[in-house]
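Q: Got a structure for you, questions after.
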Amino acid sequence: MPVFSWLASPRETRGVLESYGLATKHHLGQNFLVNDAIIGKILGLAELGDTDVVFEVGPGIGTLTVAMLPAAGAVVSVEADRGLEPVLAETCARDSERFALVMGDALKVTPETLTAAVASLGIDGLAPEPTKLVSNLPYQVAATVALRSFEQMPALRRAVVMVQAEVADRMAASPGSKAYGGYTAKLALYAQPTGRFEVGPGNFMPPPHVDSAVIRLDRASMADPATGEPLTAGQIAWCAQVIDAAFAQRRKTIRNSMGASGFDKAELDAAFAATGIEARSRAEVLAPEDFVRLAGALGWR
């Protein structure tokens with residue numbers, strides 16, 4: 001069988017950590033993947049090519065990173081634990097000319113910082129904007145990172161991310177289901193789930209107390225139903241405001257929830273009449289496309 005990552009085993013992971021006198025840090029969500037077959041399945045979903053710039057959050061000791069580097073044009077990784085900086089310098093040394101490391105909080109690092117880090121590698125013919133997010137995400141920030149990456153990185157075409165199984169459920173939920181909510185509807189403005197597989201706790205060291213899943217999301221921007229044209233950034237932002245207001249008070253009707261969030265009820269009634277959306281519905285029964293129609297009927301702004 002092919003080896004995708006020489007680090008993806010308990011023995012190698014333990015050896016690297018011990019050689020640097022490191023221990024896992026639970027407050028940073030560190031659970032190291034130690035099954036190389038899972039790495040192979042992630043790469044299969046990611047379908048990396050030599051023009052891809054991969055954005056990775058939480059590389060840890062580089063278990064997934066070293067498997068991606070030979071297949072991608074470049075990998076830019078964001079790591080919060082400064083104790084791992086020298087580890088990554090060693091484990092990723094073979095392909096260091098394609099590896100850019102940014103130390104910091106992924107929720108605070110800007111797209112411009114990532115672009116500058118990739119540009120600093122000086123790779124001819126390679127656009128520095130991230131094209132794919134491929135990551136074993138720290139679970140406490142996973143949902144936010146996935147949505148913000150699509151929001152802030154227009155060149156990002158695909159995300160293949162390891163997340164808590166219930167977060168994957170939210171990402172792919174259907175209207176009316178228990179997992180469906182405002183997050184699901186906002187993510188659907190940018191991308192659609194196109195693949196998934198489950199990953200049990202025994203594939204990590206130490207084993208987490210939750211089940212995990214790898215999910216693939218491909219960019220598929222929604223269209224303005226009136227024109228058929230893809231939604232602009234401004235239109236998407238307005239749709240997100242409508243979604244947030246609709247879900248602000250889930251137990252209320254969509255009319256009352258949005259009214260409590262500052263929307264004029266007369267304008268809401270006119271928009272409901274124009275779209276055929278029942279004002280007494282609750283937000284969780286509306287599909288993402290319904291929110292787009294409602295946002296348009298309320299007037300793009």
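By convention here, the chains of the structure tokens are called A, B, ... in the order presented, each chain's residues are numbered starting at 1, and ligands are numbered starting at 1 in the order presented.
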Using only C-alpha atoms, which residues of region 160-195 of chain A come within 12 Å of region 209-221 of chain A, and what is the closest atom pair for each, with the distance in Å to one decimal? Give it as CSV, sorted by chain and residue number.

A:
residue,atom,partner,partner_atom,distance
A:Val160,CA,A:Arg216,CA,4.4
A:Val161,CA,A:Val214,CA,5.4
A:Met162,CA,A:Val214,CA,4.3
A:Val163,CA,A:Ala213,CA,5.6
A:Gln164,CA,A:Ser212,CA,4.4
A:Ala165,CA,A:Ser212,CA,4.4
A:Glu166,CA,A:Ser212,CA,8.0
A:Val167,CA,A:Ala213,CA,8.6
A:Ala168,CA,A:Ile215,CA,6.4
A:Asp169,CA,A:Ala213,CA,9.1
A:Arg170,CA,A:Ile215,CA,11.0
A:Met171,CA,A:Ile215,CA,8.6
A:Ala172,CA,A:Ile215,CA,8.8
A:Lys186,CA,A:Ser221,CA,11.1
A:Leu187,CA,A:Leu217,CA,9.5
A:Ala188,CA,A:Ser221,CA,7.9
A:Leu189,CA,A:Ser221,CA,5.8
A:Tyr190,CA,A:Ser221,CA,4.7
A:Ala191,CA,A:Arg219,CA,4.1
A:Gln192,CA,A:Leu217,CA,5.3
A:Pro193,CA,A:Leu217,CA,4.4
A:Thr194,CA,A:Arg216,CA,5.5
A:Gly195,CA,A:Arg216,CA,4.9

Q: Report the residues of region 35-223 of chain A whose backbone DSSP state falls under strand (DSSP E), written as JSON, numbers by chain.

A: {"A": [53, 54, 55, 56, 57, 74, 75, 76, 77, 78, 79, 99, 100, 101, 102, 103, 132, 133, 134, 135, 136, 158, 159, 160, 161, 162, 163, 164, 191, 192, 193, 194, 195, 196, 197, 198, 199, 204, 205, 212, 213, 214, 215, 216, 217, 218, 219]}

Q: Identify which of the residues A:Leu137, A:Val199, A:Val54, A:Ala72 lies closest to Ile38 (chain A), counting only C-alpha atoms when measuring atom-to-atom distances.

A: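 Among the listed residues, the smallest separation from Ile38 (chain A) belongs to A:Val199.
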
Q: Rounded to one decimal, what separation in Å do you get between CA of Leu231 (chain A) and CA of Ala142 (chain A)?

A: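 Between CA of Leu231 (chain A) and CA of Ala142 (chain A) the gap is 25.1 Å.
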
Q: For Thr227 (chain A), which residue out of A:Ala46, A:Ala240, A:Arg293, A:Thr51 is the nearest one, using only C-alpha atoms?

A: A:Arg293

Q: Using Å and a single decimal, report how far CA of Gln235 (chain A) sits from CA of Ala297 (chain A).

A: 12.0 Å

Q: Nearest to Gly44 (chain A) among A:Leu294, A:Ser177, A:Ala67, A:Lys252, with distances taken over only C-alpha atoms: which residue is it?

A: A:Ala67

Q: Choose the residue, out of A:Met205, A:Val145, A:Ala287, A:Val16, that has the smallest atom-to-atom separation from Asn31 (chain A); count only C-alpha atoms.

A: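 So, comparing all the options, the nearest one is A:Met205.
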
Q: For a test of reading the model, state the distance in Å between CA of Val285 (chain A) and CA of Ile254 (chain A), rounded to one decimal.

A: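 Separating CA of Val285 (chain A) from CA of Ile254 (chain A) is a distance of 9.9 Å.
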
Q: Calculated over only C-alpha atoms, which of the candidates A:Gly259, A:Pro2, A:Gly73, A:Pro206 has the smallest distance to Gly49 (chain A)?

A: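 Closest to Gly49 (chain A), using only C-alpha atoms: A:Gly73.
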
Q: Hey, what's within 12 Å of Asp269 (chain A) if we count only C-alpha atoms and toss same-chain stuff fewer than 5 positions away? As a CSV table (one decimal) with N, CA and C atoms, in the first residue's frame, please?

A:
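Done, and the output landed in selection_0.csv:
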chain,number,residue,atom,x,y,z
A,254,ILE,N,-41.3,33.4,11.2
A,254,ILE,CA,-40.3,34.1,10.5
A,254,ILE,C,-40.7,35.6,10.5
A,255,ARG,N,-41.9,35.9,10.4
A,255,ARG,CA,-42.4,37.3,10.4
A,255,ARG,C,-42.1,38.0,11.7
A,256,ASN,N,-42.4,37.3,12.8
A,256,ASN,CA,-42.1,37.9,14.1
A,256,ASN,C,-40.6,38.0,14.5
A,258,MET,N,-38.1,38.2,12.3
A,258,MET,CA,-37.5,39.3,11.5
A,258,MET,C,-38.0,40.7,12.0
A,259,GLY,N,-39.2,40.8,12.4
A,259,GLY,CA,-39.8,42.0,12.9
A,259,GLY,C,-39.0,42.4,14.2
A,263,PHE,N,-36.8,44.6,11.0
A,263,PHE,CA,-37.4,44.7,9.7
A,263,PHE,C,-38.8,45.2,9.9
A,264,ASP,N,-39.2,46.1,8.9
A,264,ASP,CA,-40.6,46.6,8.9
A,264,ASP,C,-41.6,45.6,8.5
A,274,ALA,N,-45.2,38.5,-2.3
A,274,ALA,CA,-44.5,38.5,-3.6
A,274,ALA,C,-43.8,37.1,-3.9
A,275,THR,N,-43.3,36.5,-2.8
A,275,THR,CA,-42.6,35.3,-3.0
A,275,THR,C,-43.4,34.0,-2.7
A,276,GLY,N,-44.6,34.2,-2.1
A,276,GLY,CA,-45.4,33.0,-1.7
A,276,GLY,C,-44.9,32.3,-0.5
A,277,ILE,N,-44.0,33.0,0.3
A,277,ILE,CA,-43.5,32.4,1.5
A,277,ILE,C,-44.5,32.7,2.6
A,278,GLU,N,-44.9,31.6,3.3
A,278,GLU,CA,-45.9,31.8,4.4
A,278,GLU,C,-45.3,32.5,5.6
A,279,ALA,N,-45.9,33.6,5.9
A,279,ALA,CA,-45.4,34.5,7.0
A,279,ALA,C,-45.4,33.7,8.4
A,280,ARG,N,-46.2,32.8,8.5
A,280,ARG,CA,-46.3,32.0,9.8
A,280,ARG,C,-45.4,30.9,9.9
A,294,LEU,N,-36.5,35.9,-0.8
A,294,LEU,CA,-37.0,36.9,0.2
A,294,LEU,C,-36.1,38.1,0.3
A,297,ALA,N,-36.9,40.3,-2.7
A,297,ALA,CA,-38.2,40.9,-2.6
A,297,ALA,C,-38.2,42.1,-1.6
A,298,LEU,N,-37.3,42.0,-0.6
A,298,LEU,CA,-37.1,43.1,0.4
A,298,LEU,C,-36.3,44.2,-0.2

Q: Determine, counting only C-alpha atoms, which protein, DNA and RNA residues have an atom within 8 Å of an atom of Leu121 (chain A); residues of the same chain fewer than 2 positions away are not included. Present the result as a PyMOL selection string.

A: chain A and resi 97-100+117-119+123

Q: Taking into account only C-alpha atoms, which residue in the set A:Gly62, A:Pro70, A:Gly21, A:Pro225 is nearest to Glu90 (chain A)?

A: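 Of A:Gly62, A:Pro70, A:Gly21, A:Pro225, the one nearest Glu90 (chain A), counting only C-alpha atoms, is A:Gly62.
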